[in-house]
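Structure file work05.csv; described as CSV, C-alpha atoms and all ligand atoms.
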```
chain,number,residue,atom,x,y,z
A,1,MET,CA,69.9,12.2,7.3
A,2,LYS,CA,71.6,12.7,10.7
A,3,ILE,CA,72.3,9.6,12.8
A,4,ALA,CA,74.2,9.1,16.0
A,5,VAL,CA,75.2,6.0,18.0
A,6,VAL,CA,75.2,6.4,21.8
A,7,GLY,CA,77.4,3.7,23.5
A,8,ALA,CA,79.5,3.5,20.4
A,9,THR,CA,82.5,1.8,22.1
A,10,GLY,CA,80.4,-1.0,23.6
A,11,GLU,CA,79.7,-4.5,22.2
A,12,VAL,CA,76.3,-3.5,20.8
A,13,GLY,CA,77.3,0.1,19.7
A,14,ARG,CA,80.2,-1.2,17.7
A,15,MET,CA,78.0,-3.8,16.1
A,16,MET,CA,75.3,-1.2,15.3
A,17,THR,CA,78.0,0.8,13.5
A,18,LYS,CA,79.0,-2.3,11.5
A,19,VAL,CA,75.4,-3.2,10.6
A,20,LEU,CA,74.6,0.4,9.5
A,21,GLN,CA,77.5,0.1,7.1
A,22,GLU,CA,76.5,-3.4,6.0
A,23,GLN,CA,73.0,-2.2,5.3
A,24,ASN,CA,74.5,0.7,3.2
A,25,VAL,CA,72.9,3.4,5.3
A,26,LYS,CA,74.5,6.6,4.2
A,27,PRO,CA,73.9,9.4,6.7
A,28,GLY,CA,74.8,13.0,5.7
A,29,LYS,CA,76.0,13.4,9.3
A,30,MET,CA,77.2,10.8,11.7
A,31,ASP,CA,78.2,11.1,15.4
A,32,PHE,CA,79.4,8.6,18.0
A,33,TYR,CA,79.0,9.1,21.7
A,34,ALA,CA,80.2,7.3,24.8
A,35,SER,CA,81.2,8.3,28.4
A,36,ALA,CA,84.0,10.9,29.1
A,37,LYS,CA,86.3,7.9,29.5
A,38,SER,CA,86.2,7.0,25.8
A,39,ALA,CA,85.9,10.5,24.4
A,40,GLY,CA,88.5,10.9,21.6
A,41,ALA,CA,88.7,7.2,20.8
A,42,SER,CA,88.4,6.4,17.0
A,43,VAL,CA,85.6,4.7,15.2
A,44,GLU,CA,85.7,3.7,11.5
A,45,PHE,CA,82.6,4.1,9.5
A,46,ARG,CA,82.2,3.9,5.7
A,47,GLY,CA,85.9,4.5,5.2
A,48,GLU,CA,86.2,7.5,7.4
A,49,THR,CA,87.6,7.9,10.9
A,50,TYR,CA,85.4,9.6,13.5
A,51,LYS,CA,86.3,10.7,17.0
A,52,VAL,CA,84.0,9.5,19.8
A,53,LYS,CA,82.4,12.4,21.7
A,54,GLU,CA,81.3,12.7,25.3
A,55,LEU,CA,77.5,12.2,25.7
A,56,THR,CA,75.9,15.5,27.0
A,57,LYS,CA,72.4,16.8,27.1
A,58,LYS,CA,73.5,19.7,25.0
A,59,ALA,CA,74.5,17.3,22.2
A,60,MET,CA,71.2,15.5,22.5
A,61,LYS,CA,69.3,18.8,22.0
A,62,GLU,CA,71.0,19.1,18.6
A,63,GLY,CA,68.3,16.9,17.0
A,64,TYR,CA,69.0,13.8,14.9
A,65,ASP,CA,66.8,11.8,12.6
A,66,TYR,CA,67.8,8.7,14.4
A,67,LEU,CA,69.7,8.0,17.6
A,68,LEU,CA,70.7,4.4,18.4
A,69,PHE,CA,71.2,4.1,22.1
A,70,SER,CA,73.0,1.2,23.7
A,71,ALA,CA,74.7,2.6,26.9
A,72,GLY,CA,72.5,1.0,29.6
A,73,ALA,CA,69.2,1.9,31.2
A,74,SER,CA,70.4,4.7,33.4
A,75,VAL,CA,72.0,6.5,30.5
A,76,SER,CA,68.9,6.1,28.4
A,77,ARG,CA,66.7,7.4,31.3
A,78,GLU,CA,68.8,10.5,31.6
A,79,PHE,CA,69.4,11.3,27.9
A,80,ALA,CA,66.8,9.6,25.6
A,81,SER,CA,63.9,11.9,26.6
A,82,VAL,CA,66.0,15.0,26.0
A,83,ALA,CA,66.8,13.7,22.5
A,84,ALA,CA,63.2,12.7,21.8
A,85,GLU,CA,61.9,16.1,22.9
A,86,ALA,CA,64.4,17.7,20.4
A,87,GLY,CA,62.6,15.8,17.6
A,88,SER,CA,64.8,12.7,17.3
A,89,VAL,CA,63.6,9.2,16.9
A,90,VAL,CA,65.5,7.3,19.6
A,91,ILE,CA,65.9,3.5,19.2
A,92,ASP,CA,66.8,2.3,22.6
A,93,ASN,CA,68.4,-1.0,23.4
A,94,SER,CA,68.1,-0.8,27.1
A,95,SER,CA,65.3,-2.0,29.3
A,96,ALA,CA,64.4,1.6,30.4
A,97,PHE,CA,61.3,2.1,28.4
A,98,ARG,CA,60.3,-1.3,27.1
A,99,MET,CA,57.2,-1.7,29.3
A,100,ASP,CA,55.9,1.9,29.0
A,101,VAL,CA,52.4,1.7,27.5
A,102,ASP,CA,53.0,4.6,25.2
A,103,ILE,CA,56.3,3.3,23.9
A,104,PRO,CA,56.4,0.8,21.0
A,105,LEU,CA,58.5,-2.4,21.7
A,106,VAL,CA,59.4,-3.5,18.3
A,107,VAL,CA,60.6,-6.5,16.4
A,108,PRO,CA,60.0,-5.2,12.9
A,109,GLU,CA,59.1,-8.6,11.3
A,110,ILE,CA,56.3,-9.0,13.9
A,111,ASN,CA,54.9,-5.6,14.9
A,112,GLY,CA,56.8,-3.1,12.7
A,113,ASP,CA,53.4,-1.6,11.8
A,114,LEU,CA,53.6,0.3,15.1
A,115,LEU,CA,56.3,2.5,13.5
A,116,LYS,CA,53.9,4.0,10.9
A,117,GLY,CA,53.1,7.6,11.8
A,118,TYR,CA,55.5,7.5,14.8
A,119,SER,CA,57.3,10.6,14.0
A,120,LYS,CA,59.3,11.4,17.1
A,121,GLY,CA,59.9,9.7,20.4
A,122,ILE,CA,61.4,6.6,21.8
A,123,VAL,CA,61.1,3.1,20.2
A,124,ALA,CA,62.3,0.3,22.5
A,125,ASN,CA,64.3,-2.6,21.3
A,126,PRO,CA,63.4,-5.8,23.2
A,127,ASN,CA,65.7,-8.0,25.3
A,128,CYS,CA,68.0,-10.3,23.2
A,129,SER,CA,66.5,-13.6,24.5
A,130,THR,CA,63.0,-12.3,23.9
A,131,ILE,CA,63.7,-11.3,20.3
A,132,GLN,CA,65.0,-14.6,19.2
A,133,MET,CA,62.2,-16.5,20.9
A,134,VAL,CA,59.4,-14.5,19.5
A,135,LEU,CA,60.8,-14.6,16.0
A,136,GLY,CA,60.6,-18.3,16.1
A,137,LEU,CA,57.1,-18.3,17.5
A,138,TYR,CA,55.1,-15.5,16.0
A,139,ARG,CA,53.7,-17.3,13.0
A,140,ILE,CA,53.0,-20.4,15.1
A,141,HIS,CA,51.1,-18.1,17.5
A,142,GLU,CA,49.1,-16.6,14.6
A,143,ARG,CA,48.1,-20.1,13.3
A,144,PHE,CA,47.7,-22.2,16.4
A,145,GLY,CA,47.5,-19.7,19.3
A,146,ILE,CA,50.2,-20.2,22.0
A,147,ARG,CA,48.8,-21.0,25.5
A,148,THR,CA,52.1,-21.7,27.4
A,149,ILE,CA,55.8,-21.4,26.8
A,150,VAL,CA,58.5,-23.0,29.1
A,151,VAL,CA,61.9,-21.8,28.0
A,152,SER,CA,65.4,-22.4,29.3
A,153,THR,CA,68.1,-20.1,27.9
A,154,TYR,CA,71.8,-20.7,27.3
A,155,GLN,CA,73.1,-17.1,27.1
A,156,SER,CA,76.6,-16.1,26.0
A,157,VAL,CA,78.9,-13.8,28.0
A,158,SER,CA,78.7,-11.1,25.3
A,159,GLY,CA,75.1,-10.6,26.6
A,160,ALA,CA,76.8,-8.9,29.6
A,161,GLY,CA,78.8,-6.5,27.4
A,162,LYS,CA,82.5,-6.1,27.0
A,163,ASN,CA,83.1,-6.7,30.8
A,164,GLY,CA,81.3,-10.0,30.5
A,165,MET,CA,83.5,-11.2,27.7
A,166,ASN,CA,86.7,-9.9,29.4
A,167,GLU,CA,85.7,-11.9,32.6
A,168,LEU,CA,85.5,-15.2,30.7
A,169,GLU,CA,88.7,-14.5,28.8
A,170,GLU,CA,90.6,-13.5,32.0
A,171,GLN,CA,89.3,-16.7,33.8
A,172,MET,CA,90.5,-18.8,30.8
A,173,GLN,CA,94.0,-17.4,31.5
A,174,GLY,CA,94.0,-18.1,35.3
A,175,THR,CA,91.7,-17.9,38.3
A,176,ILE,CA,90.1,-14.7,39.1
A,177,ALA,CA,87.2,-13.9,41.4
A,178,PRO,CA,83.8,-13.4,39.7
A,179,LYS,CA,82.8,-9.8,39.2
A,180,LYS,CA,80.2,-9.4,36.4
A,181,PHE,CA,78.8,-12.9,37.0
A,182,ILE,CA,77.7,-14.3,40.4
A,183,LYS,CA,79.9,-17.4,40.0
A,184,GLN,CA,83.0,-18.3,38.0
A,185,ILE,CA,81.8,-18.6,34.3
A,186,HIS,CA,84.8,-20.4,32.8
A,187,LEU,CA,84.1,-24.2,32.8
A,188,ASN,CA,80.8,-23.5,34.5
A,189,VAL,CA,77.1,-22.7,34.1
A,190,VAL,CA,75.4,-19.9,36.1
A,191,PRO,CA,71.7,-20.2,36.7
A,192,GLN,CA,71.0,-16.5,37.4
A,193,ILE,CA,71.0,-13.6,35.0
A,194,GLY,CA,70.0,-10.2,36.5
A,195,ALA,CA,68.7,-9.6,40.0
A,196,LEU,CA,66.7,-12.1,41.9
A,197,LEU,CA,63.2,-10.8,42.5
A,198,GLU,CA,60.8,-11.4,45.4
A,199,ASN,CA,58.8,-13.9,43.3
A,200,GLY,CA,61.9,-16.1,42.8
A,201,PHE,CA,62.3,-15.2,39.1
A,202,THR,CA,65.2,-12.9,37.9
A,203,ASP,CA,64.6,-9.6,36.2
A,204,GLU,CA,66.0,-11.2,33.0
A,205,GLU,CA,63.3,-13.9,33.2
A,206,MET,CA,60.5,-11.3,33.9
A,207,LYS,CA,61.7,-9.4,30.7
A,208,MET,CA,61.0,-12.6,28.7
A,209,VAL,CA,57.5,-12.8,30.3
A,210,ASN,CA,56.4,-9.2,29.9
A,211,GLU,CA,58.1,-8.4,26.6
A,212,THR,CA,56.8,-11.5,24.9
A,213,ARG,CA,53.2,-10.7,25.8
A,214,LYS,CA,53.6,-7.1,24.7
A,215,ILE,CA,55.2,-7.9,21.3
A,216,LEU,CA,52.7,-10.8,20.5
A,217,ARG,CA,49.9,-8.6,21.8
A,218,ASP,CA,48.6,-11.4,24.0
A,219,PRO,CA,48.6,-10.8,27.8
A,220,ASP,CA,47.2,-14.3,28.3
A,221,ILE,CA,50.2,-16.4,27.2
A,222,SER,CA,51.7,-18.2,30.3
A,223,ILE,CA,55.5,-18.0,30.2
A,224,TRP,CA,57.9,-19.9,32.4
A,225,PRO,CA,61.5,-18.9,31.8
A,226,THR,CA,64.8,-20.0,33.3
A,227,THR,CA,67.7,-17.8,32.1
A,228,ILE,CA,71.2,-19.3,32.3
A,229,ARG,CA,74.7,-17.9,31.5
A,230,VAL,CA,77.1,-20.3,29.7
A,231,PRO,CA,80.8,-19.9,28.8
A,232,VAL,CA,80.1,-19.1,25.1
A,233,LEU,CA,81.3,-15.9,23.5
A,234,TYR,CA,78.5,-15.1,21.0
A,235,CYS,CA,75.0,-16.4,20.5
A,236,HIS,CA,72.2,-17.3,22.9
A,237,SER,CA,70.5,-20.7,22.6
A,238,GLU,CA,67.1,-21.6,23.9
A,239,SER,CA,65.2,-24.8,24.6
A,240,VAL,CA,61.5,-23.9,24.1
A,241,PHE,CA,58.5,-26.0,25.1
A,242,VAL,CA,55.2,-24.7,23.7
A,243,GLU,CA,51.6,-25.7,24.3
A,244,THR,CA,49.1,-24.5,21.7
A,245,ARG,CA,45.4,-23.6,21.9
A,246,LYS,CA,44.6,-25.3,18.6
A,247,ALA,CA,45.9,-28.7,17.5
A,248,PHE,CA,48.8,-28.6,15.0
A,249,ASP,CA,50.5,-31.2,12.8
A,250,MET,CA,54.2,-31.2,12.3
A,251,ASP,CA,53.9,-30.0,8.7
A,252,GLY,CA,51.8,-27.1,9.9
A,253,LEU,CA,54.5,-26.1,12.4
A,254,ALA,CA,57.2,-26.3,9.7
A,255,GLU,CA,55.1,-24.2,7.3
A,256,ALA,CA,54.6,-21.6,10.0
A,257,LEU,CA,58.4,-21.5,10.6
A,258,GLU,CA,59.1,-21.3,6.9
A,259,ALA,CA,56.7,-18.3,6.7
A,260,SER,CA,58.6,-16.5,9.5
A,261,GLU,CA,60.8,-13.7,8.3
A,262,ASN,CA,64.6,-13.9,9.1
A,263,VAL,CA,64.1,-17.4,10.5
A,264,ILE,CA,65.7,-20.6,9.2
A,265,HIS,CA,64.1,-23.9,10.1
A,266,THR,CA,66.5,-26.7,9.5
A,267,ASP,CA,66.9,-30.4,10.4
A,268,GLU,CA,70.7,-29.9,10.5
A,269,MET,CA,72.3,-29.7,13.9
A,270,PHE,CA,73.5,-26.2,14.7
A,271,SER,CA,75.2,-24.6,17.7
A,272,PRO,CA,76.4,-21.1,18.7
A,273,ILE,CA,79.7,-21.4,16.8
A,274,ASP,CA,77.8,-22.2,13.6
A,275,VAL,CA,75.4,-19.3,13.9
A,276,ALA,CA,77.6,-16.5,15.2
A,277,GLY,CA,77.8,-13.5,12.8
A,278,SER,CA,74.4,-14.3,11.2
A,279,ASP,CA,71.3,-12.1,11.1
A,280,THR,CA,68.9,-15.0,11.2
A,281,VAL,CA,67.3,-17.1,14.0
A,282,TYR,CA,68.0,-20.8,13.5
A,283,VAL,CA,65.3,-23.1,14.7
A,284,GLY,CA,65.5,-26.9,14.8
A,285,ARG,CA,65.0,-30.1,16.8
A,286,LEU,CA,61.2,-29.7,16.4
A,287,ARG,CA,59.5,-32.6,18.1
A,288,ALA,CA,56.2,-33.6,19.7
A,289,PHE,CA,54.4,-36.5,21.4
A,290,ASP,CA,51.0,-35.1,20.8
A,291,ALA,CA,49.2,-32.4,18.8
A,292,THR,CA,49.1,-29.5,21.2
A,293,ARG,CA,52.6,-29.6,22.7
A,294,PHE,CA,56.0,-29.4,21.1
A,295,LEU,CA,59.7,-28.7,21.7
A,296,MET,CA,62.2,-26.6,19.7
A,297,TRP,CA,65.8,-25.4,19.9
A,298,ASN,CA,66.8,-22.0,18.6
A,299,VAL,CA,70.1,-20.2,18.3
A,300,ALA,CA,70.8,-16.5,17.3
A,301,ASP,CA,73.6,-14.0,17.5
A,302,ASN,CA,72.6,-12.0,20.5
A,303,ILE,CA,74.6,-8.9,19.6
A,304,ARG,CA,73.2,-8.9,16.0
A,305,VAL,CA,69.7,-10.3,16.0
A,306,GLY,CA,69.2,-9.6,19.7
A,307,ALA,CA,70.4,-6.0,19.6
A,308,ALA,CA,72.2,-4.2,16.7
A,309,THR,CA,70.5,-5.8,13.7
A,310,ASN,CA,67.0,-5.4,15.3
A,311,ALA,CA,67.8,-1.7,16.0
A,312,VAL,CA,68.9,-1.1,12.4
A,313,ARG,CA,65.9,-3.0,11.1
A,314,ILE,CA,63.7,-0.7,13.2
A,315,LEU,CA,65.5,2.4,11.6
A,316,LEU,CA,65.0,1.0,8.1
A,317,LYS,CA,61.4,0.0,8.7
A,318,HIS,CA,60.6,3.4,10.2
A,319,ARG,CA,62.1,5.2,7.2
A,320,ALA,CA,60.2,3.0,4.8
A,321,LEU,CA,56.9,3.6,6.5
A,322,ASN,CA,57.2,7.3,7.1
A,401,LIG,N1,75.1,-7.4,24.8
A,401,LIG,C1,73.9,-7.8,24.5
A,401,LIG,O1,73.6,-9.0,24.0
A,401,LIG,C2,72.7,-6.9,24.5
A,401,LIG,C3,71.6,-7.2,23.9
A,401,LIG,C4,70.5,-6.4,23.9
A,401,LIG,C5,70.6,-5.2,24.6
A,401,LIG,N2,71.7,-4.9,25.2
A,401,LIG,C6,71.7,-3.6,25.9
A,401,LIG,O2,72.5,-2.6,25.3
A,401,LIG,C7,73.2,-1.8,26.2
A,401,LIG,C8,74.7,-1.8,26.0
A,401,LIG,O3,75.1,-3.2,26.1
A,401,LIG,P1,76.6,-3.6,25.7
A,401,LIG,O4,76.6,-5.1,25.8
A,401,LIG,O5,77.0,-2.9,24.4
A,401,LIG,O6,77.5,-3.0,26.9
A,401,LIG,P2,79.0,-2.6,26.9
A,401,LIG,O7,79.8,-3.4,26.0
A,401,LIG,O8,79.4,-2.6,28.4
A,401,LIG,O9,79.0,-1.1,26.4
A,401,LIG,C9,78.4,0.0,27.1
A,401,LIG,C10,78.5,1.3,26.3
A,401,LIG,O10,77.9,2.3,27.0
A,401,LIG,C11,78.8,3.4,27.1
A,401,LIG,N3,78.5,4.1,28.4
A,401,LIG,C12,78.5,3.7,29.7
A,401,LIG,N4,78.2,4.6,30.5
A,401,LIG,C13,78.0,5.8,29.8
A,401,LIG,C14,77.7,7.1,30.1
A,401,LIG,N5,77.5,7.5,31.4
A,401,LIG,N6,77.5,8.0,29.1
A,401,LIG,C15,77.7,7.6,27.8
A,401,LIG,N7,78.0,6.4,27.5
A,401,LIG,C16,78.2,5.4,28.4
A,401,LIG,C17,80.1,2.8,27.2
A,401,LIG,O11,81.1,3.8,26.9
A,401,LIG,P3,82.6,3.8,27.6
A,401,LIG,O12,83.5,3.1,26.6
A,401,LIG,O13,82.9,5.2,27.6
A,401,LIG,O14,82.5,3.1,28.9
A,401,LIG,C18,80.0,1.8,26.1
A,401,LIG,O15,80.1,2.4,24.8
A,401,LIG,C19,72.7,-2.3,27.6
A,401,LIG,O16,71.6,-1.5,27.9
A,401,LIG,C20,72.3,-3.7,27.3
A,401,LIG,O17,71.3,-4.1,28.3
A,401,LIG,C21,72.8,-5.7,25.2
```
Take the structure I supplied and represent it as structure tokens, if you would.
Amino acid sequence: MKIAVVGATGEVGRMMTKVLQEQNVKPGKMDFYASAKSAGASVEFRGETYKVKELTKKAMKEGYDYLLFSAGASVSREFASVAAEAGSVVIDNSSAFRMDVDIPLVVPEINGDLLKGYSKGIVANPNCSTIQMVLGLYRIHERFGIRTIVVSTYQSVSGAGKNGMNELEEQMQGTIAPKKFIKQIHLNVVPQIGALLENGFTDEEMKMVNETRKILRDPDISIWPTTIRVPVLYCHSESVFVETRKAFDMDGLAEALEASENVIHTDEMFSPIDVAGSDTVYVGRLRAFDATRFLMWNVADNIRVGAATNAVRILLKHRALN
């Protein structure tokens, strides 16, 4: 099996390499790509040292069994189709292809069936905030039908890549002007992630709306997100209000959560620091005043569950089904 990681020096790319190793994936050939700036840098994988190569179209024409892309949407737009045309399955972490009708947008625990018979082409990995929310909701949707979701996110700076983390760390050392974030992030909370759109929502918020409907295969769910950046290094958290179509009882909600793959429902209090490094979505603080509306809190590692682990789970599921 031939595998390559594109964006191998980034937050997600480095984690994809680590998760491939943890999952004991043993490719016969492995390559790591980044921009010209990082060409020649070293990457450790399964006890060997590899040199990072510059990403080129020629290299993408070589043909891999799997290419894990995490180098941003413009890089994916330029190179992913070239790789797919050469017969590779491209698992793309960017937003470039997520809403294309012909491209599966996959959280393997929920709609991994879409990978069966999908022999070459691009598979899109959803946005990190969407993945952790739908993992906590898909069984509830199956049982009770979700009518409305109102969600506020508390997103860590690693969601903005290595530059986002550097900005928080530099601001902790002294005052510097905001670059990656629109306001100082240290000792602050920033209520805008992504560009502000004409409808008043941000593009990060519209990803949560559109991707959730596509993954849960239900265009009628009404979704009201507010996405917020907080000075946390790893893990996104979400406060989620849900209105259901059918009446539930609290035991039924708990049973649905217990039946959800890679989700832990707990009455313990948990926070980003407790969950960082895990491959599981933690769900808690389940509470309701009536039988059709409830609130929950969730936390997941955005670089793992929200990106690298989901991508590697797509690879493993695709291999198992084909
Ligand atoms: N962070 C998250 O929580 C998260 C979650 C889900 C999805 N994603 C998505 O994953 C992608 C990467 O995010 P990240 O957080 O890992 O960003 P990052 O830390 O900034 O890393 C970006 C990576 O892309 C590479 N790159 C940039 N321009 C390139 C080019 N022209 N050609 C080849 N490689 C290039 C960089 O290589 P150099 O070292 O050469 O610059 C680096 O390896 C983005 O699309 C992001 O939206 C991120």
Distance criterion (only C-alpha atoms and all ligand atoms): nearest to ligand LIG 401 (chain A) out of A:Ser239, A:Ser260, A:Ser76, A:Thr292: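 Closest residue, counting only C-alpha atoms and all ligand atoms: A:Ser76.
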Determine, using all atoms listed in the file, which residues of chain A have any atom at most 7 Å from an atom of ligand LIG 401 (chain A), and tabulate each with its shortest atom pair and distance in Å to one decimal place, rows ordered by chain and then rising number, as JSON lines.
```
{"residue": "A:Val6", "atom": "CA", "partner": "A:LIG401", "partner_atom": "N7", "distance": 6.4}
{"residue": "A:Gly7", "atom": "CA", "partner": "A:LIG401", "partner_atom": "O15", "distance": 3.3}
{"residue": "A:Ala8", "atom": "CA", "partner": "A:LIG401", "partner_atom": "O15", "distance": 4.6}
{"residue": "A:Thr9", "atom": "CA", "partner": "A:LIG401", "partner_atom": "O15", "distance": 3.7}
{"residue": "A:Gly10", "atom": "CA", "partner": "A:LIG401", "partner_atom": "O9", "distance": 3.1}
{"residue": "A:Glu11", "atom": "CA", "partner": "A:LIG401", "partner_atom": "O5", "distance": 3.8}
{"residue": "A:Val12", "atom": "CA", "partner": "A:LIG401", "partner_atom": "O5", "distance": 3.7}
{"residue": "A:Gly13", "atom": "CA", "partner": "A:LIG401", "partner_atom": "O5", "distance": 5.6}
{"residue": "A:Tyr33", "atom": "CA", "partner": "A:LIG401", "partner_atom": "C15", "distance": 6.4}
{"residue": "A:Ala34", "atom": "CA", "partner": "A:LIG401", "partner_atom": "N7", "distance": 3.6}
{"residue": "A:Ser35", "atom": "CA", "partner": "A:LIG401", "partner_atom": "C15", "distance": 3.6}
{"residue": "A:Ala36", "atom": "CA", "partner": "A:LIG401", "partner_atom": "O13", "distance": 6.0}
{"residue": "A:Lys37", "atom": "CA", "partner": "A:LIG401", "partner_atom": "O13", "distance": 4.7}
{"residue": "A:Ser38", "atom": "CA", "partner": "A:LIG401", "partner_atom": "O13", "distance": 4.2}
{"residue": "A:Ala39", "atom": "CA", "partner": "A:LIG401", "partner_atom": "O13", "distance": 6.9}
{"residue": "A:Glu54", "atom": "CA", "partner": "A:LIG401", "partner_atom": "C15", "distance": 6.7}
{"residue": "A:Leu55", "atom": "CA", "partner": "A:LIG401", "partner_atom": "C15", "distance": 5.1}
{"residue": "A:Ser70", "atom": "CA", "partner": "A:LIG401", "partner_atom": "C7", "distance": 3.9}
{"residue": "A:Ala71", "atom": "CA", "partner": "A:LIG401", "partner_atom": "O10", "distance": 3.2}
{"residue": "A:Gly72", "atom": "CA", "partner": "A:LIG401", "partner_atom": "O16", "distance": 3.2}
{"residue": "A:Ala73", "atom": "CA", "partner": "A:LIG401", "partner_atom": "O16", "distance": 5.3}
{"residue": "A:Val75", "atom": "CA", "partner": "A:LIG401", "partner_atom": "N5", "distance": 5.7}
{"residue": "A:Asn93", "atom": "CA", "partner": "A:LIG401", "partner_atom": "O2", "distance": 4.8}
{"residue": "A:Ser94", "atom": "CA", "partner": "A:LIG401", "partner_atom": "O16", "distance": 3.7}
{"residue": "A:Ser95", "atom": "CA", "partner": "A:LIG401", "partner_atom": "O17", "distance": 6.4}
{"residue": "A:Asn127", "atom": "CA", "partner": "A:LIG401", "partner_atom": "C4", "distance": 5.2}
{"residue": "A:Cys128", "atom": "CA", "partner": "A:LIG401", "partner_atom": "C4", "distance": 4.7}
{"residue": "A:Ser158", "atom": "CA", "partner": "A:LIG401", "partner_atom": "N1", "distance": 5.2}
{"residue": "A:Gly159", "atom": "CA", "partner": "A:LIG401", "partner_atom": "O1", "distance": 3.4}
{"residue": "A:Ala160", "atom": "CA", "partner": "A:LIG401", "partner_atom": "N1", "distance": 5.3}
{"residue": "A:Gly161", "atom": "CA", "partner": "A:LIG401", "partner_atom": "O4", "distance": 3.1}
{"residue": "A:Lys162", "atom": "CA", "partner": "A:LIG401", "partner_atom": "O7", "distance": 3.9}
{"residue": "A:Asn163", "atom": "CA", "partner": "A:LIG401", "partner_atom": "O8", "distance": 6.0}
{"residue": "A:Asn302", "atom": "CA", "partner": "A:LIG401", "partner_atom": "O1", "distance": 4.7}
{"residue": "A:Ile303", "atom": "CA", "partner": "A:LIG401", "partner_atom": "O1", "distance": 4.5}
{"residue": "A:Gly306", "atom": "CA", "partner": "A:LIG401", "partner_atom": "C3", "distance": 5.4}
{"residue": "A:Ala307", "atom": "CA", "partner": "A:LIG401", "partner_atom": "C4", "distance": 4.3}
```
Taking only C-alpha atoms into account, produce a table as CSV in which each residue of stretch 20-120 of chain A with an atom at most 10 Å from an atom of stretch 261-270 of chain A appears once, together with its shortest atom pair and the distance in Å to one decimal, ordered by chain and rising number.
```
residue,atom,partner,partner_atom,distance
A:Pro108,CA,A:Glu261,CA,9.7
A:Glu109,CA,A:Glu261,CA,6.2
A:Ile110,CA,A:Glu261,CA,8.6
```
Residues within 12 Å of A:His141, only C-alpha atoms, excluding chain neighbours under 6 positions, as number ranges by chain: A: 110, 133-135, 147-149, 212-213, 215-218, 221, 242-248, 252-253, 256-257, 260
Polymer residues at most 8 Å from A:Ser88, only C-alpha atoms, same-chain spacing of 2 or more positions, as a list in words: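 Contacts, with the query itself left out: Gly63, Tyr64, Asp65, Tyr66, Leu67, Ala83, Ala84, Glu85, Ala86, Val90, Lys120 and Gly121 of chain A.
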Would you save the residues from that selection as a compact mmCIF listing (two decimals), keeping the file's coordinate frame, using C-alpha atoms?
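Heads up, here's the output in again.txt:
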```txt
# COMPACT_ATOMS: atom_id res chain seq x y z
CA GLY A 63 68.30 16.90 17.00
CA TYR A 64 69.00 13.80 14.90
CA ASP A 65 66.80 11.80 12.60
CA TYR A 66 67.80 8.70 14.40
CA LEU A 67 69.70 8.00 17.60
CA ALA A 83 66.80 13.70 22.50
CA ALA A 84 63.20 12.70 21.80
CA GLU A 85 61.90 16.10 22.90
CA ALA A 86 64.40 17.70 20.40
CA VAL A 90 65.50 7.30 19.60
CA LYS A 120 59.30 11.40 17.10
CA GLY A 121 59.90 9.70 20.40
```
Selected residue, from A:Leu233, A:Met250, A:Val19, A:Arg14, that lies nearest to A:Ser278 when counting all atoms listed in the file: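 Smallest distance to A:Ser278 is found for A:Val19.
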Shell of 10 Å around A:Trp224, all atoms listed in the file, local chain residues under 2 positions omitted, as a PyMOL selection string: chain A and resi 148-152+201+205-206+208-209+221-222+226+240-241
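Nearest residue to A:Met16, choosing from A:Met99, A:Leu321, A:Ile91, A:Leu197 and counting all atoms listed in the file: A:Ile91.
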Would you mind putting back N, CA and C atoms on stretch 231-240 of chain A, then writing it out as a PDB file, keeping the file's coordinate frame?
```
ATOM      1  N   PRO A 231      79.477 -20.456  29.252  1.00  0.00           N
ATOM      2  CA  PRO A 231      80.800 -19.900  28.800  1.00  0.00           C
ATOM      3  C   PRO A 231      80.928 -19.973  27.280  1.00  0.00           C
ATOM      4  N   VAL A 232      80.062 -19.242  26.600  1.00  0.00           N
ATOM      5  CA  VAL A 232      80.100 -19.100  25.100  1.00  0.00           C
ATOM      6  C   VAL A 232      80.253 -17.656  24.827  1.00  0.00           C
ATOM      7  N   LEU A 233      81.026 -17.304  23.798  1.00  0.00           N
ATOM      8  CA  LEU A 233      81.300 -15.900  23.500  1.00  0.00           C
ATOM      9  C   LEU A 233      80.092 -15.194  22.852  1.00  0.00           C
ATOM     10  N   TYR A 234      79.633 -15.777  21.746  1.00  0.00           N
ATOM     11  CA  TYR A 234      78.500 -15.100  21.000  1.00  0.00           C
ATOM     12  C   TYR A 234      77.440 -16.153  20.730  1.00  0.00           C
ATOM     13  N   CYS A 235      76.212 -15.694  20.745  1.00  0.00           N
ATOM     14  CA  CYS A 235      75.000 -16.400  20.500  1.00  0.00           C
ATOM     15  C   CYS A 235      74.325 -16.961  21.731  1.00  0.00           C
ATOM     16  N   HIS A 236      73.046 -16.649  21.836  1.00  0.00           N
ATOM     17  CA  HIS A 236      72.200 -17.300  22.900  1.00  0.00           C
ATOM     18  C   HIS A 236      71.496 -18.467  22.215  1.00  0.00           C
ATOM     19  N   SER A 237      71.256 -19.506  23.014  1.00  0.00           N
ATOM     20  CA  SER A 237      70.500 -20.700  22.600  1.00  0.00           C
ATOM     21  C   SER A 237      69.300 -20.801  23.535  1.00  0.00           C
ATOM     22  N   GLU A 238      68.230 -21.417  23.024  1.00  0.00           N
ATOM     23  CA  GLU A 238      67.100 -21.600  23.900  1.00  0.00           C
ATOM     24  C   GLU A 238      66.405 -22.958  23.603  1.00  0.00           C
ATOM     25  N   SER A 239      66.062 -23.663  24.665  1.00  0.00           N
ATOM     26  CA  SER A 239      65.200 -24.800  24.600  1.00  0.00           C
ATOM     27  C   SER A 239      63.806 -24.384  24.913  1.00  0.00           C
ATOM     28  N   VAL A 240      62.875 -24.531  23.967  1.00  0.00           N
ATOM     29  CA  VAL A 240      61.500 -23.900  24.100  1.00  0.00           C
ATOM     30  C   VAL A 240      60.476 -25.040  24.072  1.00  0.00           C
TER      31      VAL A 240
END
```
